[in-house]
Amino acid sequence: MIEIDGSMGEGGGQIIRTAIAFATITETPVKIRNIRVGRPKPGLAMQHLTGIEFLAKLTDATVEGLKLGSKELFFAPHRVRGGKFDLDIKTAGSITLFLQTVIPALLDSDERLEITIKGGTDVRWSPPIDFYRFLLIPVLRKMGADIEIELLRRGYYPKGNGLVRALINSSKLRGITPEAQMNKRVKGISHASNLPEHVVRRQADSAEAKLLEHGISASIELESTQEISTGSGIFLYSGYKSGSALGERGKRAEVVGAEAAENILSELGTAARVDIYLADQLIPYMALAEGRSEISVREMTGHLKTNISVVEAFMGRIFDVETREGIIHIMT
């Protein structure tokens, strides 16, 4: 059995998601203590319960402590299986954080998983669904992953009600070393639901103007819909780097667009090959891949350090970390 201290590193939900995924992959029981003890609402939150319950179902796992607010969890899985499922995370629970738990585990399955997930697609403190659609999933496909992600409907806080379909097939991953980015042209999508159509245009125009100040051109798609959930956001990407921002009541569309542009500019302005968010998301897949991987990032974030620690608790020493000319290189 592997024991994980849930208060280590950044002490958040990513410890749980990665630990449960690798317990499933390695068919190793895990006990997680001190779950989110430093957070305002410590213990397991509803979004964590959903992912754990789902993998417990797929692995016929023995589980203890699976309740809201629990600070200790025991999870002992068997071999993971696929199937076709519909899942409701409730309200605006993050769909991408759910997928963060499920995708690594199901790539190791002998069966296909098809799952339609209802919840939040664009909510605070989690990767927007477009990060998965336009950045993470394309990178994983380069590594050999047989995955498809389809956005059926957006869901914003607080109503959620977004809908995403994911198809995950058993895959053998190969290592990846992202190439240096020569063309820094930015693509993106500016989106809104139940808001005037000019909102998406103003978000896009503001982002494009901010990028042009730095000599970078952009092509941003506009998406305006009328759904149950009300909200807006913008996602920008170029190569292996991204920037995003969400709208909120009282926040002008121009501010949203400029914020996303500033976020991606902070990444494009360095020699690092991947952005700080993609780096920590790639750690589990680098550990599972055959062959060498090397990524470089401008900063060693708490999430990145924590993900490496949790993966190595299951897999042993895998990663080497070096700093060269101010850029951090992570290698397998």
# chains A, B, ... in the order shown; residues from 1 in each chain; ligands from 1
$ select_by_dssp --residues "region 44-165 of chain A" --states "strand (DSSP E or B)" --output "PDB file with N, CA and C atoms, in the first residue's frame"
ATOM      1  N   THR A  62     -12.297  -1.311  -3.431  1.00  0.00           N
ATOM      2  CA  THR A  62     -12.670  -1.176  -2.028  1.00  0.00           C
ATOM      3  C   THR A  62     -12.319   0.246  -1.598  1.00  0.00           C
ATOM      4  N   VAL A  63     -13.291   0.971  -1.088  1.00  0.00           N
ATOM      5  CA  VAL A  63     -13.080   2.385  -0.755  1.00  0.00           C
ATOM      6  C   VAL A  63     -13.566   2.664   0.665  1.00  0.00           C
ATOM      7  N   GLU A  64     -12.778   3.422   1.409  1.00  0.00           N
ATOM      8  CA  GLU A  64     -13.169   3.879   2.741  1.00  0.00           C
ATOM      9  C   GLU A  64     -12.925   5.382   2.827  1.00  0.00           C
ATOM     10  N   LEU A  73      -8.671   8.936   3.023  1.00  0.00           N
ATOM     11  CA  LEU A  73      -9.298   8.087   2.017  1.00  0.00           C
ATOM     12  C   LEU A  73      -8.445   6.852   1.785  1.00  0.00           C
ATOM     13  N   PHE A  74      -9.107   5.702   1.708  1.00  0.00           N
ATOM     14  CA  PHE A  74      -8.451   4.456   1.317  1.00  0.00           C
ATOM     15  C   PHE A  74      -9.103   3.973   0.032  1.00  0.00           C
ATOM     16  N   PHE A  75      -8.264   3.631  -0.977  1.00  0.00           N
ATOM     17  CA  PHE A  75      -8.769   3.241  -2.297  1.00  0.00           C
ATOM     18  C   PHE A  75      -7.944   2.055  -2.780  1.00  0.00           C
ATOM     19  N   ALA A  76      -8.598   0.897  -2.960  1.00  0.00           N
ATOM     20  CA  ALA A  76      -7.896  -0.320  -3.401  1.00  0.00           C
ATOM     21  C   ALA A  76      -8.585  -0.850  -4.656  1.00  0.00           C
ATOM     22  N   GLY A  83     -16.452   0.984 -21.049  1.00  0.00           N
ATOM     23  CA  GLY A  83     -17.901   0.960 -21.145  1.00  0.00           C
ATOM     24  C   GLY A  83     -18.427   2.294 -21.627  1.00  0.00           C
ATOM     25  N   LYS A  84     -19.741   2.424 -21.619  1.00  0.00           N
ATOM     26  CA  LYS A  84     -20.399   3.661 -22.060  1.00  0.00           C
ATOM     27  C   LYS A  84     -21.213   4.200 -20.896  1.00  0.00           C
ATOM     28  N   PHE A  85     -20.975   5.471 -20.543  1.00  0.00           N
ATOM     29  CA  PHE A  85     -21.574   6.024 -19.333  1.00  0.00           C
ATOM     30  C   PHE A  85     -22.041   7.461 -19.559  1.00  0.00           C
ATOM     31  N   ASP A  86     -23.020   7.861 -18.763  1.00  0.00           N
ATOM     32  CA  ASP A  86     -23.438   9.256 -18.629  1.00  0.00           C
ATOM     33  C   ASP A  86     -23.205   9.652 -17.183  1.00  0.00           C
ATOM     34  N   LEU A  87     -22.606  10.820 -16.973  1.00  0.00           N
ATOM     35  CA  LEU A  87     -22.246  11.246 -15.622  1.00  0.00           C
ATOM     36  C   LEU A  87     -22.630  12.697 -15.414  1.00  0.00           C
ATOM     37  N   ASP A  88     -23.202  12.988 -14.275  1.00  0.00           N
ATOM     38  CA  ASP A  88     -23.571  14.359 -13.911  1.00  0.00           C
ATOM     39  C   ASP A  88     -22.766  14.759 -12.678  1.00  0.00           C
ATOM     40  N   SER A  94     -16.170  20.948 -12.102  1.00  0.00           N
ATOM     41  CA  SER A  94     -15.299  21.018 -13.273  1.00  0.00           C
ATOM     42  C   SER A  94     -15.197  19.693 -14.027  1.00  0.00           C
ATOM     43  N   LEU A 113     -13.583   3.494 -23.405  1.00  0.00           N
ATOM     44  CA  LEU A 113     -14.508   4.238 -22.555  1.00  0.00           C
ATOM     45  C   LEU A 113     -15.155   5.349 -23.371  1.00  0.00           C
ATOM     46  N   GLU A 114     -16.473   5.398 -23.331  1.00  0.00           N
ATOM     47  CA  GLU A 114     -17.218   6.519 -23.897  1.00  0.00           C
ATOM     48  C   GLU A 114     -18.048   7.111 -22.779  1.00  0.00           C
ATOM     49  N   ILE A 115     -17.829   8.377 -22.485  1.00  0.00           N
ATOM     50  CA  ILE A 115     -18.524   8.998 -21.370  1.00  0.00           C
ATOM     51  C   ILE A 115     -18.998  10.392 -21.734  1.00  0.00           C
ATOM     52  N   THR A 116     -20.249  10.663 -21.419  1.00  0.00           N
ATOM     53  CA  THR A 116     -20.818  11.993 -21.596  1.00  0.00           C
ATOM     54  C   THR A 116     -20.963  12.607 -20.207  1.00  0.00           C
ATOM     55  N   ILE A 117     -20.340  13.767 -20.010  1.00  0.00           N
ATOM     56  CA  ILE A 117     -20.217  14.366 -18.680  1.00  0.00           C
ATOM     57  C   ILE A 117     -20.937  15.706 -18.649  1.00  0.00           C
ATOM     58  N   LYS A 118     -21.793  15.890 -17.644  1.00  0.00           N
ATOM     59  CA  LYS A 118     -22.479  17.163 -17.438  1.00  0.00           C
ATOM     60  C   LYS A 118     -21.845  17.876 -16.254  1.00  0.00           C
ATOM     61  N   GLY A 119     -21.574  19.169 -16.415  1.00  0.00           N
ATOM     62  CA  GLY A 119     -20.962  19.940 -15.332  1.00  0.00           C
ATOM     63  C   GLY A 119     -20.481  21.284 -15.841  1.00  0.00           C
ATOM     64  N   GLY A 120     -19.390  21.773 -15.266  1.00  0.00           N
ATOM     65  CA  GLY A 120     -18.831  23.059 -15.666  1.00  0.00           C
ATOM     66  C   GLY A 120     -17.703  22.881 -16.667  1.00  0.00           C
ATOM     67  N   ASP A 122     -16.201  25.844 -18.083  1.00  0.00           N
ATOM     68  CA  ASP A 122     -15.393  27.062 -17.976  1.00  0.00           C
ATOM     69  C   ASP A 122     -15.658  27.673 -16.615  1.00  0.00           C
ATOM     70  N   ASP A 146      -5.058   7.653 -27.975  1.00  0.00           N
ATOM     71  CA  ASP A 146      -6.252   7.593 -28.815  1.00  0.00           C
ATOM     72  C   ASP A 146      -7.412   8.185 -28.021  1.00  0.00           C
ATOM     73  N   ILE A 147      -7.557   9.490 -28.109  1.00  0.00           N
ATOM     74  CA  ILE A 147      -8.548  10.234 -27.321  1.00  0.00           C
ATOM     75  C   ILE A 147      -9.286  11.218 -28.217  1.00  0.00           C
ATOM     76  N   GLU A 148     -10.568  11.375 -27.961  1.00  0.00           N
ATOM     77  CA  GLU A 148     -11.351  12.424 -28.605  1.00  0.00           C
ATOM     78  C   GLU A 148     -12.158  13.145 -27.533  1.00  0.00           C
ATOM     79  N   ILE A 149     -12.191  14.469 -27.624  1.00  0.00           N
ATOM     80  CA  ILE A 149     -12.986  15.291 -26.713  1.00  0.00           C
ATOM     81  C   ILE A 149     -13.903  16.162 -27.562  1.00  0.00           C
ATOM     82  N   GLU A 150     -15.203  16.111 -27.284  1.00  0.00           N
ATOM     83  CA  GLU A 150     -16.166  16.898 -28.047  1.00  0.00           C
ATOM     84  C   GLU A 150     -16.962  17.783 -27.094  1.00  0.00           C
ATOM     85  N   LEU A 151     -16.922  19.079 -27.337  1.00  0.00           N
ATOM     86  CA  LEU A 151     -17.712  20.019 -26.547  1.00  0.00           C
ATOM     87  C   LEU A 151     -19.111  20.104 -27.138  1.00  0.00           C
ATOM     88  N   LEU A 152     -20.109  19.699 -26.372  1.00  0.00           N
ATOM     89  CA  LEU A 152     -21.494  19.727 -26.829  1.00  0.00           C
ATOM     90  C   LEU A 152     -22.220  20.983 -26.349  1.00  0.00           C
ATOM     91  N   ARG A 153     -21.845  21.465 -25.161  1.00  0.00           N
ATOM     92  CA  ARG A 153     -22.513  22.641 -24.599  1.00  0.00           C
ATOM     93  C   ARG A 153     -21.652  23.194 -23.482  1.00  0.00           C
ATOM     94  N   TYR A 156     -21.117  27.403 -17.345  1.00  0.00           N
ATOM     95  CA  TYR A 156     -20.397  28.369 -16.514  1.00  0.00           C
ATOM     96  C   TYR A 156     -20.913  28.297 -15.067  1.00  0.00           C
ATOM     97  N   GLY A 160     -23.691  25.714 -14.307  1.00  0.00           N
ATOM     98  CA  GLY A 160     -23.062  24.568 -14.966  1.00  0.00           C
ATOM     99  C   GLY A 160     -23.872  24.124 -16.165  1.00  0.00           C
ATOM    100  N   GLY A 162     -22.977  22.286 -18.537  1.00  0.00           N
ATOM    101  CA  GLY A 162     -22.195  22.037 -19.746  1.00  0.00           C
ATOM    102  C   GLY A 162     -22.190  20.552 -20.062  1.00  0.00           C
ATOM    103  N   LEU A 163     -21.832  20.233 -21.283  1.00  0.00           N
ATOM    104  CA  LEU A 163     -21.861  18.835 -21.708  1.00  0.00           C
ATOM    105  C   LEU A 163     -20.648  18.546 -22.591  1.00  0.00           C
ATOM    106  N   VAL A 164     -19.905  17.495 -22.224  1.00  0.00           N
ATOM    107  CA  VAL A 164     -18.706  17.094 -22.963  1.00  0.00           C
ATOM    108  C   VAL A 164     -18.750  15.589 -23.176  1.00  0.00           C
ATOM    109  N   ARG A 165     -18.409  15.154 -24.387  1.00  0.00           N
ATOM    110  CA  ARG A 165     -18.293  13.722 -24.666  1.00  0.00           C
ATOM    111  C   ARG A 165     -16.815  13.384 -24.826  1.00  0.00           C
TER     112      ARG A 165
END
$ residues_around --residues "region 230-244 of chain A" --least-positions-apart "2" --cutoff "6 Å" --atoms "only C-alpha atoms" --output "ChimeraX atom specification"
/A:156,186-194,246-247,260,263-264,274-275
$ atom_distance --atom1 "CA of Ala204 (chain A)" --atom2 "CA of Thr270 (chain A)"
23.6 Å
$ residues_around --residues "region 13-21 of chain A" --least-positions-apart "4" --cutoff "9 Å" --atoms "only C-alpha atoms" --output "ChimeraX atom specification"
/A:4-9,25-26,30,32,35-36,44-45,48,51-52,55,75,77,97-98,100-106,284,303,306-307,310-311,313-314
$ atom_distance --atom1 "CA of Val80 (chain A)" --atom2 "CA of Ala166 (chain A)"
16.7 Å
$ closest_residue --among "A:Ser219, A:Thr28, A:Gln203, A:Lys41" --to "Gly69 (chain A)" --atoms "only C-alpha atoms"
A:Lys41
$ residues_around --residues "Leu278 (chain A)" --least-positions-apart "4" --cutoff "10 Å" --atoms "only C-alpha atoms" --output "PyMOL selection string"
chain A and resi 127+131-132+135-136+139+240-242+274+282-283+295+297+304
$ write_last_selection --atoms "N, CA and C atoms" --output "mmCIF file, in the first residue's frame"
data_model
loop_
_atom_site.group_PDB
_atom_site.id
_atom_site.type_symbol
_atom_site.label_atom_id
_atom_site.label_comp_id
_atom_site.auth_asym_id
_atom_site.auth_seq_id
_atom_site.Cartn_x
_atom_site.Cartn_y
_atom_site.Cartn_z
ATOM 1 N N PRO A 127 -8.718 24.049 -15.423
ATOM 2 C CA PRO A 127 -8.448 24.336 -16.831
ATOM 3 C C PRO A 127 -9.759 24.471 -17.606
ATOM 4 N N PHE A 131 -8.652 24.390 -23.106
ATOM 5 C CA PHE A 131 -7.279 23.962 -22.826
ATOM 6 C C PHE A 131 -7.127 22.492 -23.197
ATOM 7 N N TYR A 132 -8.112 21.692 -22.890
ATOM 8 C CA TYR A 132 -8.073 20.284 -23.265
ATOM 9 C C TYR A 132 -8.242 20.111 -24.768
ATOM 10 N N LEU A 135 -5.073 22.179 -26.660
ATOM 11 C CA LEU A 135 -3.684 22.088 -26.217
ATOM 12 C C LEU A 135 -3.353 20.691 -25.696
ATOM 13 N N LEU A 136 -3.941 20.294 -24.566
ATOM 14 C CA LEU A 136 -3.547 19.034 -23.937
ATOM 15 C C LEU A 136 -3.846 17.813 -24.810
ATOM 16 N N VAL A 139 -1.538 17.365 -27.781
ATOM 17 C CA VAL A 139 -0.213 16.920 -27.362
ATOM 18 C C VAL A 139 -0.244 15.432 -27.022
ATOM 19 N N TYR A 240 2.740 25.222 -27.706
ATOM 20 C CA TYR A 240 2.477 24.493 -26.457
ATOM 21 C C TYR A 240 2.180 25.456 -25.309
ATOM 22 N N LYS A 241 1.708 26.658 -25.645
ATOM 23 C CA LYS A 241 1.481 27.672 -24.617
ATOM 24 C C LYS A 241 0.086 28.270 -24.760
ATOM 25 N N SER A 242 -0.432 28.775 -23.634
ATOM 26 C CA SER A 242 -1.805 29.268 -23.650
ATOM 27 C C SER A 242 -1.997 30.384 -22.634
ATOM 28 N N VAL A 274 7.011 24.698 -22.963
ATOM 29 C CA VAL A 274 5.597 24.505 -22.622
ATOM 30 C C VAL A 274 5.204 25.502 -21.537
ATOM 31 N N LEU A 282 1.195 17.261 -18.023
ATOM 32 C CA LEU A 282 1.907 16.238 -18.794
ATOM 33 C C LEU A 282 2.666 15.238 -17.930
ATOM 34 N N ILE A 283 2.930 15.583 -16.687
ATOM 35 C CA ILE A 283 3.764 14.723 -15.827
ATOM 36 C C ILE A 283 3.266 13.271 -15.773
ATOM 37 N N ILE A 295 10.596 18.271 -21.232
ATOM 38 C CA ILE A 295 9.871 19.532 -21.374
ATOM 39 C C ILE A 295 10.640 20.600 -20.614
ATOM 40 N N VAL A 297 10.097 24.610 -18.746
ATOM 41 C CA VAL A 297 9.065 25.501 -18.240
ATOM 42 C C VAL A 297 9.729 26.679 -17.544
ATOM 43 N N LEU A 304 3.247 21.520 -10.135
ATOM 44 C CA LEU A 304 4.217 20.713 -10.872
ATOM 45 C C LEU A 304 5.054 19.860 -9.918
#
$ select_by_dssp --residues "region 180-275 of chain A" --states "helix (DSSP H, G or I)" --output "MDAnalysis selection string"
chainID A and resid 198:212 253:268
